[in-house]
Structure formats: structure tokens, C-alpha cells
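Peer 1: Take a look at structure19.tsv, TSV, C-alpha atoms:
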chain	number	residue	atom	x	y	z
A	8	MET	CA	1.53	-40.68	-16.63
A	9	SER	CA	-1.17	-38.15	-16.01
A	10	LYS	CA	-0.40	-34.50	-15.73
A	11	VAL	CA	-1.45	-33.05	-12.42
A	12	LYS	CA	-2.16	-29.35	-12.46
A	13	LYS	CA	-0.41	-27.56	-9.65
A	14	LYS	CA	-2.62	-25.03	-7.92
A	15	SER	CA	-1.13	-21.64	-8.68
A	16	SER	CA	-0.56	-19.36	-5.75
A	17	SER	CA	-2.10	-15.92	-5.73
A	18	THR	CA	-0.18	-13.46	-7.85
A	19	GLY	CA	-0.18	-9.73	-8.25
A	20	THR	CA	-1.68	-6.94	-6.25
A	21	ILE	CA	-3.57	-7.65	-3.04
A	22	ALA	CA	-4.63	-4.10	-2.10
A	23	LEU	CA	-4.03	-0.55	-3.33
A	24	ASN	CA	-4.23	2.72	-1.44
A	25	LYS	CA	-5.93	4.91	-4.05
A	26	ARG	CA	-6.67	7.56	-1.44
A	27	ALA	CA	-2.95	8.18	-0.92
A	28	LYS	CA	-2.46	8.90	-4.64
A	29	TYR	CA	-5.26	11.48	-4.40
A	30	ASP	CA	-4.05	13.13	-1.17
A	31	TYR	CA	-0.27	13.13	-1.71
A	32	PHE	CA	2.50	13.74	-4.22
A	33	VAL	CA	4.67	10.60	-4.32
A	34	ASP	CA	8.39	11.46	-4.00
A	35	GLN	CA	10.16	8.12	-3.57
A	36	LYS	CA	9.02	4.48	-3.28
A	37	PHE	CA	10.44	1.58	-1.27
A	38	GLU	CA	9.66	-2.12	-1.13
A	39	ALA	CA	9.30	-3.51	2.39
A	40	GLY	CA	8.66	-6.97	3.74
A	41	LEU	CA	5.95	-7.55	6.35
A	42	VAL	CA	6.00	-9.54	9.57
A	43	LEU	CA	2.69	-11.43	9.52
A	44	SER	CA	1.04	-14.25	11.41
A	45	GLY	CA	-0.48	-17.31	9.74
A	46	TRP	CA	-4.10	-16.16	9.73
A	47	GLU	CA	-3.06	-12.87	8.09
A	48	VAL	CA	-1.34	-14.67	5.21
A	49	LYS	CA	-4.44	-16.82	4.64
A	50	SER	CA	-6.65	-13.73	4.61
A	51	LEU	CA	-4.31	-11.95	2.19
A	52	ARG	CA	-4.48	-14.94	-0.16
A	53	GLU	CA	-8.22	-14.28	-0.30
A	54	GLY	CA	-7.60	-10.55	-0.88
A	55	LYS	CA	-9.14	-9.39	2.41
A	56	ALA	CA	-7.01	-6.29	3.01
A	57	GLN	CA	-7.61	-2.53	3.05
A	58	LEU	CA	-4.97	0.21	3.01
A	59	VAL	CA	-7.24	3.26	2.97
A	60	ASP	CA	-5.93	4.90	6.15
A	61	ALA	CA	-2.58	3.08	6.30
A	62	PHE	CA	0.62	4.96	7.07
A	63	VAL	CA	4.11	4.22	8.36
A	64	ILE	CA	5.50	5.33	11.71
A	65	ILE	CA	9.05	5.05	13.00
A	66	HIS	CA	9.40	3.79	16.58
A	67	GLN	CA	12.80	2.94	18.10
A	68	ASN	CA	14.46	2.86	14.64
A	69	GLU	CA	11.91	0.36	13.31
A	70	ALA	CA	9.20	0.98	10.72
A	71	TRP	CA	5.62	-0.03	11.59
A	72	LEU	CA	2.57	-0.20	9.32
A	73	VAL	CA	-0.40	1.38	11.12
A	74	GLY	CA	-4.02	1.51	10.00
A	75	ALA	CA	-3.94	-1.41	7.57
A	76	ARG	CA	-6.94	-3.69	8.00
A	77	ILE	CA	-6.63	-7.41	7.32
A	78	THR	CA	-10.02	-9.02	7.83
A	79	PRO	CA	-9.73	-12.52	9.33
A	80	LEU	CA	-11.30	-15.52	7.65
A	81	LEU	CA	-13.96	-17.22	9.74
A	82	SER	CA	-12.72	-20.72	8.95
A	83	ALA	CA	-8.97	-20.08	9.29
A	84	SER	CA	-8.87	-18.30	12.62
A	85	THR	CA	-11.11	-20.18	15.04
A	86	HIS	CA	-8.52	-20.81	17.76
A	87	VAL	CA	-6.52	-17.58	17.44
A	88	VAL	CA	-7.53	-14.14	18.71
A	89	CYS	CA	-7.36	-11.98	15.59
A	90	GLU	CA	-6.69	-8.28	15.67
A	91	PRO	CA	-7.46	-6.86	12.19
A	92	MET	CA	-6.04	-3.37	12.85
A	93	ARG	CA	-2.82	-4.31	14.70
A	94	GLN	CA	0.49	-2.63	13.94
A	95	ARG	CA	2.69	-4.73	11.66
A	96	LYS	CA	6.47	-4.46	11.49
A	97	LEU	CA	8.00	-3.50	8.14
A	98	LEU	CA	11.31	-5.02	7.08
A	99	LEU	CA	13.57	-2.47	5.41
A	100	ASN	CA	17.31	-2.10	4.80
A	101	ARG	CA	19.17	0.19	7.19
A	102	LYS	CA	19.84	2.76	4.42
A	103	GLU	CA	16.17	2.84	3.42
A	104	LEU	CA	15.10	3.21	7.04
A	105	GLU	CA	17.55	6.05	7.61
A	106	ARG	CA	16.28	7.80	4.46
A	107	ILE	CA	12.67	7.51	5.65
A	108	ILE	CA	13.59	8.86	9.10
A	109	GLN	CA	15.52	11.76	7.58
A	110	VAL	CA	12.74	12.79	5.18
A	111	THR	CA	9.79	12.38	7.55
A	112	GLU	CA	11.38	14.79	10.03
A	113	GLN	CA	10.92	17.56	7.44
A	114	LYS	CA	7.74	19.61	7.55
A	115	GLY	CA	4.98	18.42	5.21
A	116	LYS	CA	6.58	15.02	4.52
A	117	THR	CA	5.27	11.64	5.62
A	118	CYS	CA	5.46	7.98	4.69
A	119	ALA	CA	2.36	6.18	3.39
A	120	ALA	CA	1.61	2.60	2.42
A	121	MET	CA	0.72	2.48	-1.27
A	122	ALA	CA	0.14	-1.21	-2.05
A	123	LEU	CA	0.30	-4.79	-0.80
A	124	TYR	CA	1.36	-7.39	-3.36
A	125	TRP	CA	2.87	-10.84	-3.83
A	126	LYS	CA	6.49	-11.20	-4.89
A	127	GLY	CA	7.11	-14.89	-5.33
A	128	ASN	CA	5.74	-16.48	-2.18
A	129	LYS	CA	6.39	-13.37	-0.04
A	130	ILE	CA	4.04	-10.49	0.69
A	131	LYS	CA	5.54	-7.06	0.12
A	132	CYS	CA	4.32	-3.58	1.00
A	133	GLU	CA	5.13	-0.63	-1.22
A	134	VAL	CA	5.75	2.39	0.99
A	135	ALA	CA	6.38	5.87	-0.36
A	136	LEU	CA	7.75	9.13	0.91
A	137	VAL	CA	4.98	11.62	0.16
A	138	THR	CA	4.16	15.31	0.38
A	139	GLY	CA	0.63	16.48	1.18
A	140	LYS	CA	-1.41	18.11	-1.58
A	141	LYS	CA	-3.26	21.36	-1.11
A	142	GLU	CA	-6.93	21.57	-2.13
A	143	HIS	CA	-6.13	23.28	-5.46
A	144	ASP	CA	-3.60	20.53	-6.29
A	145	LYS	CA	-6.31	17.90	-5.77
A	146	ARG	CA	-8.62	19.81	-8.12
A	147	ASP	CA	-5.85	20.02	-10.74
A	148	THR	CA	-5.27	16.27	-10.50
A	149	GLU	CA	-8.98	15.60	-10.88
A	150	ARG	CA	-9.22	17.96	-13.86
A	151	ASP	CA	-6.25	16.28	-15.58
A	152	ARG	CA	-7.71	12.82	-14.96
A	153	ASP	CA	-11.11	13.88	-16.36
A	154	TRP	CA	-9.48	15.40	-19.45
A	155	SER	CA	-7.45	12.22	-20.05
A	156	ARG	CA	-10.62	10.14	-19.82
A	157	ASP	CA	-12.51	12.47	-22.20
A	158	LYS	CA	-9.57	12.50	-24.62
A	159	GLU	CA	-9.56	8.67	-24.69
A	160	ARG	CA	-13.30	8.64	-25.40
A	161	LEU	CA	-12.90	11.15	-28.24
A	162	MET	CA	-10.06	9.17	-29.80
A	163	LYS	CA	-12.00	5.93	-29.46
A	164	HIS	CA	-15.15	7.32	-31.12
A	165	SER	CA	-13.32	9.22	-33.89
A	166	ALA	CA	-11.35	6.16	-35.01
Here is a file; write its structure as C-alpha cells.
Peer 2:
Amino acid sequence: MSKVKKKSSSTGTIALNKRAKYDYFVDQKFEAGLVLSGWEVKSLREGKAQLVDAFVIIHQNEAWLVGARITPLLSASTHVVCEPMRQRKLLLNRKELERIIQVTEQKGKTCAAMALYWKGNKIKCEVALVTGKKEHDKRDTERDRDWSRDKERLMKHSA
């Protein structure tokens, strides 16, 4: 009997929204499922997704992911009309959805997509309730990050 290696499916993070971490304070995170078509899943297996301007809107008590770009593969989507920037429905529990609706109605609060990742054979989207940062907050974050990097370098070279 010969051992046949099973091709492992893609694991881990597909896309991160680093811009959201820079522009917002993250208050609370949720895990949401995504309603996708076949060509989108194939593209996500190849890692062809961007969440730079992605955010969540609530329309008729449903959550929708807006601004996420999933670039279609040339070989996988020859017979289907692909729309890379279409709105995608997010699957959330009723309590989570009500919490998002309640918080986003407050001034200065919004809901942003933070990451796309694999969980088993399902694709999940991490959405977060966020508060916008002021310009001085962004500078403070940058200063702290620079100091952490310099501190690591100093510790590395002194040891």
C-alpha cells in the first residue's frame, strides 16, 4: 500500500485590513460567515482578496460587506460574469446583528471588516465595531509602534 498525500486546503488568513487598525479603535469583534459564489471561493483559495476600503452596512436587518474586492481568476470564471466589488451578505446571529445595529446608530461608531480567513472549509469574515481615531491618536499609535520596533532592535543588539 502506498501512501497518497492528500492535498491540504488553504489555511489561515486570506486578507487583512491593516488600514482599519490605523484609522480606528477596535471596540468589539464578531465572526461572520459570507455568502459567496463559486468563482469567489476559488479566487479566495488563491488569496486574491483586498479589504482596504471594506465596511459593513445594515440594510433591512441584514448585514452586507461593501467595498471588499475579490479579483476573479481568469481560468475559473470564463462563463460567469464576475463582479469583483459586489456587496456580499454577512451571516450573523440575531443577537450579534442587533448589537451591531444598536452601536452603529451612535455618533462616531461604525462597523468595519478586519480580516478574511479560513475556518475549516468555510470562509469567515472578522467584523469589528470601531470608533474613528483623531489625527493626534494616529500619531500616538505610530509613535508607540516605532518605539516598540526600536526597543526590539536595542534588545536584539545588546544581547
Peer 1: Smallest atom-to-atom distance to A:Ala56: which of A:Ala75, A:Val87, A:Leu81, A:Ile107, using only C-alpha atoms?
Peer 2: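 The shortest atom-to-atom distance to A:Ala56 comes from A:Ala75.
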Peer 1: Could you tell me how far atom CA of A:Ala119 lies from atom CA of A:Val63, in Å and to one decimal?
Peer 2: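 Computing the Euclidean distance for atom CA of A:Ala119 and atom CA of A:Val63 yields 5.6 Å.
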Peer 1: Quick one, how far is atom CA of A:Val110 from atom CA of A:Leu136?
Peer 2: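 We find that atom CA of A:Val110 and atom CA of A:Leu136 lie 7.5 Å from each other.
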Peer 1: So the first atom is atom CA of A:Glu133 and the second is atom CA of A:Trp154; what is the distance between them in Å, to one decimal place?
Peer 2: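 Going from atom CA of A:Glu133 over to atom CA of A:Trp154, I get 28.3 Å.
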Peer 1: Can you list, as a ChimeraX atom specification, every protein, DNA or RNA residue that comes within 12 Å of A:Thr148 when you count all atoms listed in the file, leaving out same-chain residues fewer than 4 positions away?
Peer 2: /A:28-32,140-144,152-155
Peer 1: Restricting the calculation to all atoms listed in the file, which member of A:Leu23, A:Leu161, A:Leu72, A:Ile64 is positioned closest to A:Leu43?
Peer 2: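 Once distances to A:Leu43 are computed over all atoms listed in the file, the minimum belongs to A:Leu72.
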Peer 1: For A:Lys114, which of A:Asn128, A:Val137, A:Leu58, A:Val42 is the closest residue, counting all atoms listed in the file?
Peer 2: A:Val137
Peer 1: For A:Val88, which of A:Asp60, A:Glu47, A:Glu69, A:Glu149 is the closest residue, counting all atoms listed in the file?
Peer 2: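 Between A:Asp60, A:Glu47, A:Glu69, A:Glu149, the residue approaching A:Val88 most closely is A:Glu47.
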Peer 1: Out of A:Gly54, A:Pro91, A:Gly19, A:Gly40, which residue has the shortest atom-to-atom distance to A:Trp71 when counting all atoms listed in the file?
Peer 2: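 Closest to A:Trp71, using all atoms listed in the file: A:Gly40.
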Peer 1: Select, from A:Ile77, A:Cys118, A:Leu51, A:Val59, the residue with the minimum atom-to-atom distance to A:Thr138, counting all atoms listed in the file.
Peer 2: A:Cys118
Peer 1: Could you give me, as a list in words, the residues within 12 Å of A:Val48, counting all atoms listed in the file and dropping anything in the same chain fewer than 6 positions from it?
Peer 2: Ser16, Ser17, Ile21, Leu41, Val42, Gly54, Lys55, Ala56, Ile77, Thr78, Pro79, Leu80, Ala83, Ser84, Leu123, Tyr124, Trp125, Asn128, Lys129, Ile130 and Lys131 of chain A
Peer 1: Quick one: write out the picked residues with C-alpha atoms as a short mmCIF file (atom, residue, chain, number, x, y, z; two decimals), in the coordinates of the input?
Peer 2:
data_model
loop_
_atom_site.label_atom_id
_atom_site.label_comp_id
_atom_site.auth_asym_id
_atom_site.auth_seq_id
_atom_site.Cartn_x
_atom_site.Cartn_y
_atom_site.Cartn_z
CA SER A 16 -0.56 -19.36 -5.75
CA SER A 17 -2.10 -15.92 -5.73
CA ILE A 21 -3.57 -7.65 -3.04
CA LEU A 41 5.95 -7.55 6.35
CA VAL A 42 6.00 -9.54 9.57
CA GLY A 54 -7.60 -10.55 -0.88
CA LYS A 55 -9.14 -9.39 2.41
CA ALA A 56 -7.01 -6.29 3.01
CA ILE A 77 -6.63 -7.41 7.32
CA THR A 78 -10.02 -9.02 7.83
CA PRO A 79 -9.73 -12.52 9.33
CA LEU A 80 -11.30 -15.52 7.65
CA ALA A 83 -8.97 -20.08 9.29
CA SER A 84 -8.87 -18.30 12.62
CA LEU A 123 0.30 -4.79 -0.80
CA TYR A 124 1.36 -7.39 -3.36
CA TRP A 125 2.87 -10.84 -3.83
CA ASN A 128 5.74 -16.48 -2.18
CA LYS A 129 6.39 -13.37 -0.04
CA ILE A 130 4.04 -10.49 0.69
CA LYS A 131 5.54 -7.06 0.12
#
Peer 1: Is there a way to get, as a short mmCIF file (atom, residue, chain, number, x, y, z; two decimals) with C-alpha atoms, in the coordinates of the input, all residues within 6 Å of the point (6.6, 0.4, 2.0) in file coordinates, counting only C-alpha atoms?
Peer 2:
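This went into selection_1.cif:
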data_model
loop_
_atom_site.label_atom_id
_atom_site.label_comp_id
_atom_site.auth_asym_id
_atom_site.auth_seq_id
_atom_site.Cartn_x
_atom_site.Cartn_y
_atom_site.Cartn_z
CA PHE A 37 10.44 1.58 -1.27
CA GLU A 38 9.66 -2.12 -1.13
CA ALA A 39 9.30 -3.51 2.39
CA ALA A 120 1.61 2.60 2.42
CA CYS A 132 4.32 -3.58 1.00
CA GLU A 133 5.13 -0.63 -1.22
CA VAL A 134 5.75 2.39 0.99
CA ALA A 135 6.38 5.87 -0.36
#
